[in-house]
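Some notes on the structure that comes next.
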Amino acid sequence: MHTIDVVTADKLEGWFEHDDSVHFHGSFVLHGDNGANDSAAVVIELEPGKALGEHTDSPEEILIVMEGDVEFQIGDERQRATPGTVAVVPSMEPHNMRNVGTTPARIVGFFPSPHVVSTFVEPIQPLNIQVLVHGDASQASAAD
């Protein structure tokens, strides 16, 4: 069994250089290179007023709000979400999330593939990369 505590797991602090509203802490806690064979999971933490940044993910994603008050933007749709809300993001659909509450927000995302490629509209700092690969993307198939 492989378990991860999403509260205490190490997380990357990321932001966009040209958009002050994008600032997050996040980590792919499970994927094809660290314990998952058929799926992946990411945890995202947002301070009030901050966003993850618009991006696409190679597989479909299931998002669950664990804490906070969040606005999901999926394509042209926006919807407010509170703890317990579950949302589906289709594969390669541009999406974003923003903390619209007054307390920190924590969101967990699940993918039906151990290989995830996330492409952001702007490079994530301090890494200065726009495309993040989790799991060995060369192993991904058309079915992923």
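Residues are named by chain letter and number: chains run A, B, ... in the order of the structure tokens, numbers start at 1 in each chain, and ligands are numbered from 1 in the order shown.
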Residues near segment 2-19 of chain A, cut-off 6 Å, only C-alpha atoms, skip fewer than 6 positions along chain, as a PyMOL selection string: chain A and resi 25-27+124-125
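For Glu122 of chain A, the set of protein, DNA and RNA residues having any atom at most 9 Å away, when counting only C-alpha atoms and skipping those fewer than 3 positions along the same chain, is A:Phe16, A:Glu17, A:His18, A:Gly53, A:Glu54, A:His55, A:Thr119, A:Asn128, A:Ile129, A:Gln130.
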Take the residues that were just selected and, keeping N, CA and C atoms, output them as a PDB file, in the first residue's frame.
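Output file result33.pdb is given in full below:
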ATOM      1  N   PHE A  16       2.534  32.721 -11.869  1.00  0.00           N
ATOM      2  CA  PHE A  16       2.770  33.264 -13.205  1.00  0.00           C
ATOM      3  C   PHE A  16       3.503  34.588 -13.034  1.00  0.00           C
ATOM      4  N   GLU A  17       4.463  34.831 -13.878  1.00  0.00           N
ATOM      5  CA  GLU A  17       5.214  36.080 -13.815  1.00  0.00           C
ATOM      6  C   GLU A  17       4.357  37.281 -14.209  1.00  0.00           C
ATOM      7  N   HIS A  18       3.406  37.084 -15.140  1.00  0.00           N
ATOM      8  CA  HIS A  18       2.633  38.212 -15.670  1.00  0.00           C
ATOM      9  C   HIS A  18       1.193  38.274 -15.170  1.00  0.00           C
ATOM     10  N   GLY A  53      -4.197  29.024 -12.323  1.00  0.00           N
ATOM     11  CA  GLY A  53      -3.741  29.406 -13.660  1.00  0.00           C
ATOM     12  C   GLY A  53      -4.351  28.490 -14.706  1.00  0.00           C
ATOM     13  N   GLU A  54      -4.802  29.088 -15.794  1.00  0.00           N
ATOM     14  CA  GLU A  54      -5.458  28.302 -16.847  1.00  0.00           C
ATOM     15  C   GLU A  54      -4.473  27.316 -17.466  1.00  0.00           C
ATOM     16  N   HIS A  55      -4.979  26.085 -17.682  1.00  0.00           N
ATOM     17  CA  HIS A  55      -4.158  25.024 -18.247  1.00  0.00           C
ATOM     18  C   HIS A  55      -5.042  23.920 -18.799  1.00  0.00           C
ATOM     19  N   THR A 119      -0.445  21.553 -19.469  1.00  0.00           N
ATOM     20  CA  THR A 119       0.100  22.649 -20.267  1.00  0.00           C
ATOM     21  C   THR A 119      -0.560  23.943 -19.833  1.00  0.00           C
ATOM     22  N   ASN A 128      10.028  28.085 -14.577  1.00  0.00           N
ATOM     23  CA  ASN A 128      10.056  28.674 -15.916  1.00  0.00           C
ATOM     24  C   ASN A 128       9.758  27.641 -17.001  1.00  0.00           C
ATOM     25  N   ILE A 129       8.782  26.763 -16.716  1.00  0.00           N
ATOM     26  CA  ILE A 129       8.336  25.795 -17.722  1.00  0.00           C
ATOM     27  C   ILE A 129       6.822  25.858 -17.841  1.00  0.00           C
ATOM     28  N   GLN A 130       6.354  25.683 -19.047  1.00  0.00           N
ATOM     29  CA  GLN A 130       4.930  25.782 -19.351  1.00  0.00           C
ATOM     30  C   GLN A 130       4.256  24.417 -19.364  1.00  0.00           C
TER      31      GLN A 130
END
Could you name the residues that touch segment 94-97 of chain A at 9 Å or less, counting only C-alpha atoms, but leaving out those on the same chain fewer than 3 positions away, as a ChimeraX atom specification? /A:46,50-57,70-76,89-91,120
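Among the candidates A:Ser21, A:Asn37, A:Ser113, A:Thr85, the one nearest to Glu61 of chain A when counting only C-alpha atoms is A:Ser113.
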Considering only strand (DSSP E) as DSSP defines it on the backbone, what residues of segment 28-89 of chain A qualify? List them as a PyMOL selection string. chain A and resi 28-30+40-46+55-57+61-67+70-74+77-81+86-89
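Excluding Pro48 of chain A itself and same-chain residues fewer than 2 positions from it, the residues having an atom within 8 Å of it are Leu46, Lys50, Asn99, Val100, Gly101, Thr102, Thr103, Pro104 and Ala105 of chain A, counting only C-alpha atoms.
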Could you take the residues named above and write them with C-alpha atoms, as an mmCIF file, in the first residue's frame?
data_model
loop_
_atom_site.group_PDB
_atom_site.id
_atom_site.type_symbol
_atom_site.label_atom_id
_atom_site.label_comp_id
_atom_site.auth_asym_id
_atom_site.auth_seq_id
_atom_site.Cartn_x
_atom_site.Cartn_y
_atom_site.Cartn_z
ATOM 1 C CA LEU A 46 -4.833 28.342 -2.847
ATOM 2 C CA LYS A 50 -5.377 33.334 -5.689
ATOM 3 C CA ASN A 99 -10.157 30.713 -4.178
ATOM 4 C CA VAL A 100 -13.127 33.084 -3.823
ATOM 5 C CA GLY A 101 -13.423 32.620 -0.065
ATOM 6 C CA THR A 102 -11.709 34.114 2.965
ATOM 7 C CA THR A 103 -9.839 30.985 4.120
ATOM 8 C CA PRO A 104 -7.280 28.750 2.368
ATOM 9 C CA ALA A 105 -8.673 26.242 -0.145
#
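Here atom CA of Pro112 of chain A and atom CA of Ser39 of chain A stand 4.6 Å from one another.
Closest approach to His23 of chain A among A:Glu45, A:Asp136, A:Glu67, A:Asp38: A:Glu45, based on only C-alpha atoms.
Atom pair atom CA of Gly35 of chain A / atom CA of Val121 of chain A: separated by 28.9 Å.
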